[in-house]
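Trainee: First the structure, which I've put down as structure tokens, then a few questions once you've had a look.
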Amino acid sequence: MLPTTVHLLRHGEVHNPAGVLYGRLPGYRLSERGEAMARTVADHLAGVDGGERHDVTLVVASPLERAQQTAGPLADAFGLEVGTDERLLEAENAFQGLTFGVGDGSLRHPRHWPLLRNPFRPSWGEPYRQQADRMLSAVDSARVRARGHEAVLVSHQLPVWIARLAAEGRPLWHDPRRRQCSLASLTSFRFEDDTLVGIRYSEPAAALLPGANPVPGA
């Protein structure tokens, strides 16, 4: 059996003082804490923190700035170029650019209520099945390219979580508050030859999470 690991890395904290759902909007880059998270993950995988040096031979990121920034230190640590894959993009969301919530957020406005008619699809954005298909396709491509080694794909919270749910055969509809996908976390798909044999979750930047902005992109 030839082992291959594809890590799905969520980007670091984003500078978002207004607390909006930034989605695919341009101009949302990492905060100073987010940049520190990216360096911490790179050090972790490269063994700089005293652990084992991982065998990373491929680094690919969503085209959004925050993902590209998160991938940079990692690629530097392994002497690689950052590839770009549209399949790793943040999910489309009709609430993009707005604050999202019941109190003073978008949900208090009746004009937005029709968007919530079908939470299982969901009706306010990109279908979960579509997200799962594109993310798992990206994982499969990375598995082939990094065969026998490790790849890191930098993406966003919702697509990473949906990919995990799909791979584990779980329903794609979920409570967003229960996603196990913190900032700069790794969701690692482990393969033997072409067969997925396990998924492991870890938080190399856990020490930087307290105080981080909790608003996800979608």
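Residue numbers start at 1 in each chain; chains themselves are named A, B, ... in the order of the structure tokens; ligands are numbered from 1 in the order shown.
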When you look at region 38-46 of chain A with a cut-off of 9 Å (counting only C-alpha atoms), what residues show up, excluding the ones that are within fewer than 3 positions of it in the same chain? I need them as a PyMOL selection string.

Mentor: chain A and resi 9+11-12+33-35+49-56+69-78+184-186+203-205

Trainee: Since we have the selection now, will you write its residues out, keeping C-alpha atoms, as a PDB file, in the first residue's frame?

Mentor:
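Output (again_35.pdb):
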ATOM      1  CA  LEU A   9      -5.999  23.746   5.604  1.00  0.00           C
ATOM      2  CA  HIS A  11      -6.903  29.957   6.122  1.00  0.00           C
ATOM      3  CA  GLY A  12      -5.903  32.086   9.129  1.00  0.00           C
ATOM      4  CA  ARG A  33      -2.828  37.121  13.962  1.00  0.00           C
ATOM      5  CA  GLY A  34      -3.792  35.332  10.750  1.00  0.00           C
ATOM      6  CA  GLU A  35      -0.285  35.794   9.364  1.00  0.00           C
ATOM      7  CA  ASP A  49       8.534  23.350  16.258  1.00  0.00           C
ATOM      8  CA  GLY A  50      10.443  20.189  17.170  1.00  0.00           C
ATOM      9  CA  GLY A  51       8.023  17.718  15.648  1.00  0.00           C
ATOM     10  CA  GLU A  52       8.350  15.486  12.629  1.00  0.00           C
ATOM     11  CA  ARG A  53       8.952  17.119   9.254  1.00  0.00           C
ATOM     12  CA  HIS A  54       6.101  16.197   6.945  1.00  0.00           C
ATOM     13  CA  ASP A  55       6.693  15.077   3.377  1.00  0.00           C
ATOM     14  CA  VAL A  56       4.843  17.917   1.633  1.00  0.00           C
ATOM     15  CA  GLN A  69      -1.384  34.363   2.051  1.00  0.00           C
ATOM     16  CA  THR A  70      -1.879  31.316   4.273  1.00  0.00           C
ATOM     17  CA  ALA A  71      -0.204  29.087   1.687  1.00  0.00           C
ATOM     18  CA  GLY A  72       2.839  31.343   1.260  1.00  0.00           C
ATOM     19  CA  PRO A  73       4.874  30.450   4.378  1.00  0.00           C
ATOM     20  CA  LEU A  74       4.117  26.780   3.866  1.00  0.00           C
ATOM     21  CA  ALA A  75       5.325  26.782   0.284  1.00  0.00           C
ATOM     22  CA  ASP A  76       8.460  28.682   1.345  1.00  0.00           C
ATOM     23  CA  ALA A  77       9.167  26.122   4.081  1.00  0.00           C
ATOM     24  CA  PHE A  78       9.228  23.298   1.528  1.00  0.00           C
ATOM     25  CA  ALA A 184      -5.710  27.446  10.433  1.00  0.00           C
ATOM     26  CA  SER A 185      -6.859  23.907  11.243  1.00  0.00           C
ATOM     27  CA  LEU A 186      -5.932  20.801   9.270  1.00  0.00           C
ATOM     28  CA  GLU A 203      -5.220  22.520  15.257  1.00  0.00           C
ATOM     29  CA  PRO A 204      -1.526  23.439  14.975  1.00  0.00           C
ATOM     30  CA  ALA A 205      -2.336  27.103  15.697  1.00  0.00           C
TER      31      ALA A 205
END

Trainee: Just want the 10 Å neighbourhood of Glu168 (chain A), counted on only C-alpha atoms, with same-chain residues fewer than 6 positions away dropped. Output as a PyMOL selection string.

Mentor: chain A and resi 162+196+198-199

Trainee: Among region 13-196 of chain A, which residues carry a DSSP assignment of helix (DSSP H, G or I), reported as a VMD selection string?

Mentor: chain A and resid 32 to 46 65 to 78 86 to 88 106 to 108 110 to 116 128 to 145 157 to 167 176 to 178

Trainee: Please build the interface table for region 21-97 of chain A against region 133-153 of chain A with a cut-off of 7 Å, listing for each qualifying residue the nearest atom pair and the distance in Å to one decimal; count only C-alpha atoms, order rows by chain and increasing number, and write it as a Markdown table.

Mentor:
| residue | atom | partner | partner_atom | distance |
| --- | --- | --- | --- | --- |
| A:Asp55 | CA | A:Glu150 | CA | 5.5 |
| A:Val56 | CA | A:Glu150 | CA | 4.5 |
| A:Thr57 | CA | A:Glu150 | CA | 6.0 |
| A:Leu58 | CA | A:Ala151 | CA | 4.6 |
| A:Val59 | CA | A:Val152 | CA | 4.9 |
| A:Val60 | CA | A:Leu153 | CA | 4.9 |
| A:Ala61 | CA | A:Leu153 | CA | 5.5 |
| A:Arg87 | CA | A:Arg134 | CA | 5.3 |
| A:Leu88 | CA | A:Met135 | CA | 6.1 |

Trainee: Which residues come within 10 Å of Glu90 (chain A), counting only C-alpha atoms, excluding same-chain residues fewer than 5 positions away, as a list in words?

Mentor: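 My list of contacting residues is Tyr22, Gly23, Arg24, Leu25, Ser62, Pro63, Leu64, Ala67, Glu126, Gln131, Ser155, His156, Gln157, Leu158, Pro159, Val160, Gly217 and Ala218 of chain A.
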
Trainee: Give me, please, the distance in Å between CA of Pro210 (chain A) and CA of Thr187 (chain A), quoted to one decimal.

Mentor: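 According to the coordinates, CA of Pro210 (chain A) and CA of Thr187 (chain A) are separated by 20.0 Å.
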
Trainee: So, counting only C-alpha atoms, which residue among A:Leu183, A:Ala212, A:Ala206, A:Val154 is closest to Val6 (chain A)?

Mentor: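 Among A:Leu183, A:Ala212, A:Ala206, A:Val154, it is A:Val154 that comes nearest to Val6 (chain A).
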
Trainee: With only C-alpha atoms as the basis for distance, which of A:Ser188, A:Arg129, A:Tyr201, A:Thr195 is at the shortest distance from Ala166 (chain A)?

Mentor: A:Arg129

Trainee: Mind the document's chain letters and residue numbers, and return as a list of chain:residue names the residues of region 25-117 of chain A that DSSP labels strand (DSSP E or B).

Mentor: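 For region 25-117 of chain A, the strand (DSSP E or B) set is A:Leu30, A:Val56, A:Thr57, A:Leu58, A:Val59, A:Val60, A:Ala61, A:Val82, A:Gly83, A:Thr84, A:Asn93.
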
Trainee: For CA of Thr4 (chain A) and CA of Arg190 (chain A), quote the distance in Å rounded to one decimal.

Mentor: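 For CA of Thr4 (chain A) relative to CA of Arg190 (chain A), the distance reads 6.1 Å.
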